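See structure below.
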Amino acid sequence: MPDLFIGLMSGTSLDGVDGVLADFSQGKSLVIGHASRPFPTELRSELLALNRSGEGELHRAALAGNALVRVYAQVVRDLLEASGTPASAVTAIGAHGQTVRHRPQEFDGTGYTLQLNQPALLAELAGIDVAADFRSRDVAAGGQGAPLAPFFHQSLFGQADMTVGVLNIGGISNLTLLRPDGSMLGFDCGPGNALMDGWCQQHLGHAYDDEGRWAASGTVLQPLLQRMLAEPYFGKPPPKSTGRDLFNRPWLDGHLAGFSTASPQDVQATLTELTARACSGEVLRHEPGLKRLIVCGGGALNTQLMARLQALLPGAGIACSERFGLPPLQVEATAFAWLARKTVRREKLELESTTGARGARVLGCIYPA
């Protein structure tokens with residue numbers, strides 16, 4: 001009998017929503033449908049603006065959450081219609097929401113993480129139970145609240161005979177190290193596509209640098225690269241997580257001071273190298289002999305970035321997740337379908353090795369249809 005869940009993912013890259021319909025009845029994650037929708041320009045701009053304080057932000061955030069969920073509901077409808085699946089056949093939707101602030105352990109020792117979402121509205125529109133708010137319990141238990149995908153990575157990519165690395169390059173990059181004994185380490189490396197995409201949008205009017213061609217046409221500015229790599233976050237030990245609260249346009253502008261004559265393509269080349277160095281540096285620090293690195297997220301489609309990763313990690317076999325059964329733009333959405341199933345079944349996740357939380361916790365809240 002099918003065991004169906006929908007997973008929705010809208011990440012830091014702010015390019016839109018990816019959704020999957022997944023069946024877990026065979027003891028593994030079988031994706032039987034994938035759909036995506038871009039964000040309307042106005043919504044994307046508002047979500048980006050809400051990463052910073054501004055006038056009327058509580059009102060604006062509430063309305064942006066409604067607008068976000070309406071895109072979620074469209075993706076859900078697309079999945080159900082394309083697969084011929086009735087809503088009644090799906091146990092729950094895993095809806096992560098859109099992170100606009102992420103400050104765990106700061107200010108009062110607990111801190112917070114904030115995802116815009118309206119799961120009650122999504123349950124109303126879709127007629128399906130919704131699992132949401134996956135990160136808050138982890139933060140309450142002393143964790144970083146991110147990354148959460150490593151638990152899914154372990155179920156999908158873990159090997160009994162070798163350590164496997166899984167590198168997700170979305171707006172922010174995160175690394176999972178899956179060891180043969182079943183233990184794992186997972187944390188955010190730093191910027192992924194967010195800085196590159198923003199620079200490309202400004203100078204070319206494109207949402208992203210297609211296959212990294214623009215970056216490949218430029219030359220890395222070594223003084224700028226070294227200035228950016230001096231960011232203290234890169235030297236912090238895990239558990240650690242980050243987001244646009246740190247790696248944002250003001251951060252980039254501060255580092256660009258003194259480089260006003262640099263060509264835009266040279267800056268793009270440098271930002272691409274920054275992501276490659278941030279990711280490869282963490283692999284070399286924690287698993288220098290790594291033989292297999294599986295890359296997912298939008299960064300897996302950036303040919304220039306993948307080439308730089310391979311050059312910086314010559315001993316690692318670097319491959320896109322599609323070679324291992326799941327296309328790169330489906331991995332994170334499937335992870336939230338998997339997490340929704342854990343929430344519905346009240347199954348705890350052992351969080352200490354990734355987020356640093358105090359032991360096993362059930363993550364997420366359920367909004368009945």
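By convention here, the chains of the structure tokens are called A, B, ... in the order presented, each chain's residues are numbered starting at 1, and ligands are numbered starting at 1 in the order presented.
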Near region 266-275 of chain A, within 7 Å and counting only C-alpha atoms, which residues show up once chain neighbours fewer than 6 positions away are dropped, as a count of residues only?
13
Nearest candidate to Gln330 (chain A) (options A:Glu57, A:Glu81, A:Asp18, A:Asp245; using only C-alpha atoms):
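Nearest to Gln330 (chain A): A:Asp18.
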Per residue of region 120-155 of chain A within 10 Å of region 174-190 of chain A, which atom pair is closest and at what distance in Å (one decimal), using only C-alpha atoms, listed by chain and increasing number, as CSV?
residue,atom,partner,partner_atom,distance
A:Gln144,CA,A:Phe187,CA,9.1
A:Ala146,CA,A:Phe187,CA,7.2
A:Pro147,CA,A:Phe187,CA,5.9
A:Leu148,CA,A:Gly186,CA,8.4
A:Ala149,CA,A:Thr176,CA,8.5
A:Pro150,CA,A:Thr176,CA,5.6
A:Phe151,CA,A:Met184,CA,8.7
A:His153,CA,A:Thr176,CA,7.5
A:Gln154,CA,A:Leu178,CA,6.3
A:Ser155,CA,A:Leu178,CA,9.8
Would you save the residues of that selection, restricted to C-alpha atoms, as a CSV table (one decimal), in the first residue's frame?
chain,number,residue,atom,x,y,z
A,144,GLN,CA,21.4,25.3,15.5
A,146,ALA,CA,20.0,23.6,10.7
A,147,PRO,CA,21.0,21.7,8.7
A,148,LEU,CA,18.3,19.1,9.0
A,149,ALA,CA,18.8,17.3,5.6
A,150,PRO,CA,21.7,15.2,6.8
A,151,PHE,CA,19.3,12.8,8.5
A,153,HIS,CA,21.1,12.1,3.4
A,154,GLN,CA,22.1,9.2,5.7
A,155,SER,CA,19.0,7.2,4.7
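You can rank A:Ser280, A:Thr85, A:Thr334, A:Thr242 by their closest distance to Gln310 (chain A) using only C-alpha atoms, and at the top of that list sits A:Ser280.
Of the residues under consideration (A:Ala316, A:Val69, A:Ala62, A:Met9), A:Met9 shows the shortest atom-to-atom contact distance to Ala337 (chain A) when counting only C-alpha atoms.
You will find CA of Pro238 (chain A) at 23.5 Å from CA of Ala300 (chain A).
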Compare A:Cys296, A:Ala160, A:Leu252, A:Ala340 by their minimum atom-to-atom distance to Arg323 (chain A), counting only C-alpha atoms, and give me the closest one.
A:Cys296
Tell me, as a PyMOL selection string, which residues lie within 12 Å of Ser83 (chain A), counting only C-alpha atoms; anything in the same chain fewer than 6 positions away does not count.
chain A and resi 4+20-22+31-35+76-77+89-90
Requested write-out: C-alpha atoms of the selected residues, as an mmCIF file, in the first residue's frame:
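Written file, out-v8.cif:
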data_model
loop_
_atom_site.group_PDB
_atom_site.id
_atom_site.type_symbol
_atom_site.label_atom_id
_atom_site.label_comp_id
_atom_site.auth_asym_id
_atom_site.auth_seq_id
_atom_site.Cartn_x
_atom_site.Cartn_y
_atom_site.Cartn_z
ATOM 1 C CA LEU A 4 2.631 9.012 0.214
ATOM 2 C CA VAL A 20 7.966 16.167 -4.778
ATOM 3 C CA LEU A 21 5.420 13.428 -4.252
ATOM 4 C CA ALA A 22 7.263 10.576 -2.573
ATOM 5 C CA VAL A 31 9.909 10.054 -5.976
ATOM 6 C CA ILE A 32 6.891 9.586 -8.207
ATOM 7 C CA GLY A 33 6.335 13.234 -9.079
ATOM 8 C CA HIS A 34 8.241 16.525 -9.212
ATOM 9 C CA ALA A 35 6.936 20.038 -9.824
ATOM 10 C CA VAL A 76 0.765 20.651 -4.571
ATOM 11 C CA ARG A 77 -2.005 20.839 -7.174
ATOM 12 C CA ALA A 89 -4.207 9.508 -0.638
ATOM 13 C CA VAL A 90 -1.441 11.779 0.740
#
Could you give me the residues within region 81-133 of chain A that DSSP places in strand (DSSP E), as a CSV table (one decimal) with N, CA and C atoms, in the first residue's frame?
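Result file follows (result_20.csv):
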chain,number,residue,atom,x,y,z
A,90,VAL,N,-2.7,11.2,0.2
A,90,VAL,CA,-1.4,11.8,0.7
A,90,VAL,C,-1.6,12.0,2.2
A,91,THR,N,-0.6,11.4,3.0
A,91,THR,CA,-0.7,11.5,4.4
A,91,THR,C,-0.5,12.9,4.9
A,92,ALA,N,0.6,13.6,4.4
A,92,ALA,CA,0.9,14.9,4.9
A,92,ALA,C,1.8,15.6,3.9
A,93,ILE,N,1.8,16.9,4.0
A,93,ILE,CA,2.8,17.8,3.3
A,93,ILE,C,3.8,18.3,4.2
A,94,GLY,N,5.1,18.1,3.9
A,94,GLY,CA,6.2,18.8,4.7
A,94,GLY,C,6.5,20.1,4.1
A,95,ALA,N,6.1,21.2,4.8
A,95,ALA,CA,6.3,22.5,4.3
A,95,ALA,C,7.3,23.3,5.2
A,98,GLN,N,9.9,29.7,4.5
A,98,GLN,CA,10.9,30.5,3.9
A,98,GLN,C,11.7,31.2,5.0
A,99,THR,N,13.0,30.8,5.2
A,99,THR,CA,13.8,31.4,6.3
A,99,THR,C,14.1,32.8,6.0
A,100,VAL,N,13.7,33.7,6.9
A,100,VAL,CA,14.1,35.1,6.8
A,100,VAL,C,15.0,35.7,7.9
A,101,ARG,N,15.0,35.0,9.0
A,101,ARG,CA,16.0,35.3,10.1
A,101,ARG,C,16.4,34.0,10.7
A,102,HIS,N,17.7,33.9,11.0
A,102,HIS,CA,18.3,32.7,11.6
A,102,HIS,C,19.4,33.0,12.5
A,103,ARG,N,19.1,33.1,13.8
A,103,ARG,CA,20.0,33.6,14.8
A,103,ARG,C,20.0,32.6,16.1
A,104,PRO,N,20.3,31.3,15.9
A,104,PRO,CA,20.3,30.4,17.0
A,104,PRO,C,21.4,30.7,18.0
A,111,GLY,N,18.2,32.1,21.3
A,111,GLY,CA,18.1,32.7,20.0
A,111,GLY,C,16.8,32.2,19.3
A,112,TYR,N,16.8,32.3,18.0
A,112,TYR,CA,15.6,31.9,17.3
A,112,TYR,C,15.9,31.6,15.8
A,113,THR,N,15.0,31.0,15.2
A,113,THR,CA,15.0,30.9,13.7
A,113,THR,C,13.6,31.1,13.3
A,114,LEU,N,13.4,31.9,12.2
A,114,LEU,CA,12.1,32.3,11.7
A,114,LEU,C,11.9,32.0,10.3
A,115,GLN,N,10.9,31.2,10.0
A,115,GLN,CA,10.5,30.8,8.7
A,115,GLN,C,9.1,31.4,8.4
A,116,LEU,N,9.0,32.2,7.4
A,116,LEU,CA,7.6,32.6,7.0
A,116,LEU,C,6.9,31.4,6.4
A,130,VAL,N,-0.6,19.2,7.2
A,130,VAL,CA,0.6,19.8,6.9
A,130,VAL,C,1.5,19.7,8.1
A,131,ALA,N,2.8,19.3,7.9
A,131,ALA,CA,3.8,19.3,8.9
A,131,ALA,C,4.7,20.4,8.6
A,132,ALA,N,5.0,21.3,9.6
A,132,ALA,CA,5.7,22.5,9.4
A,132,ALA,C,6.5,22.8,10.7
Quick one: residues within 8 Å of Leu312 (chain A), only C-alpha atoms, excluding same-chain residues fewer than 4 positions away - as a JSON list (two decimals) with C-alpha atoms, in the first residue's frame?
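Saved the output as result-v5.json:
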[["chain", "number", "residue", "atom", "x", "y", "z"],
["A", 276, "ALA", "CA", 34.31, 26.38, -3.80],
["A", 277, "ARG", "CA", 36.92, 27.20, -1.13],
["A", 280, "SER", "CA", 36.34, 22.19, -0.07],
["A", 308, "ARG", "CA", 36.68, 24.13, -9.10]]
Set the distance at 12 Å and use only C-alpha atoms: which residues neighbour Arg70 (chain A) once local chain neighbours fewer than 3 positions away are removed? I'd like the list as a ChimeraX atom specification.
/A:17,37,39-40,43,63-67,73-77,97,117-126
Those residues with C-alpha atoms, as a compact mmCIF listing (two decimals), in the first residue's frame please?
# COMPACT_ATOMS: atom_id res chain seq x y z
CA VAL A 17 9.44 26.28 -4.87
CA ARG A 37 7.06 27.07 -9.62
CA PHE A 39 8.30 33.06 -7.26
CA PRO A 40 6.47 36.05 -8.69
CA LEU A 43 7.10 38.06 -3.77
CA LEU A 63 1.01 38.80 3.91
CA ALA A 64 4.19 37.39 2.38
CA GLY A 65 3.53 34.13 4.24
CA ASN A 66 0.07 33.98 2.70
CA ALA A 67 1.48 34.64 -0.78
CA ALA A 73 -0.61 25.15 -2.94
CA GLN A 74 -0.11 25.54 -6.70
CA VAL A 75 2.83 23.15 -6.57
CA VAL A 76 0.76 20.65 -4.57
CA ARG A 77 -2.00 20.84 -7.17
CA GLY A 97 8.62 27.71 4.97
CA ASN A 117 4.82 30.16 6.45
CA GLN A 118 1.07 29.78 6.92
CA PRO A 119 0.64 26.02 7.35
CA ALA A 120 -2.98 26.40 8.47
CA LEU A 121 -3.76 28.15 5.19
CA LEU A 122 -1.92 25.46 3.24
CA ALA A 123 -3.95 22.74 4.99
CA GLU A 124 -7.09 24.69 4.10
CA LEU A 125 -6.13 25.13 0.44
CA ALA A 126 -4.74 21.65 -0.15
Could you tell me which of A:Ala87, A:Leu301, A:Ala257, A:Leu30 comes closest to Asp129 (chain A) if we count only C-alpha atoms?
A:Ala87
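The closest residue to Phe24 (chain A), picked from A:Pro2, A:Gly11, A:Pro223, A:Gly298 and counting only C-alpha atoms, is A:Pro2.
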Excluding Ala333 (chain A) and any residue of its chain fewer than 5 positions from it, enumerate the residues within 6 Å of it, using only C-alpha atoms, and give them as a PyMOL selection string.
chain A and resi 7-9+19
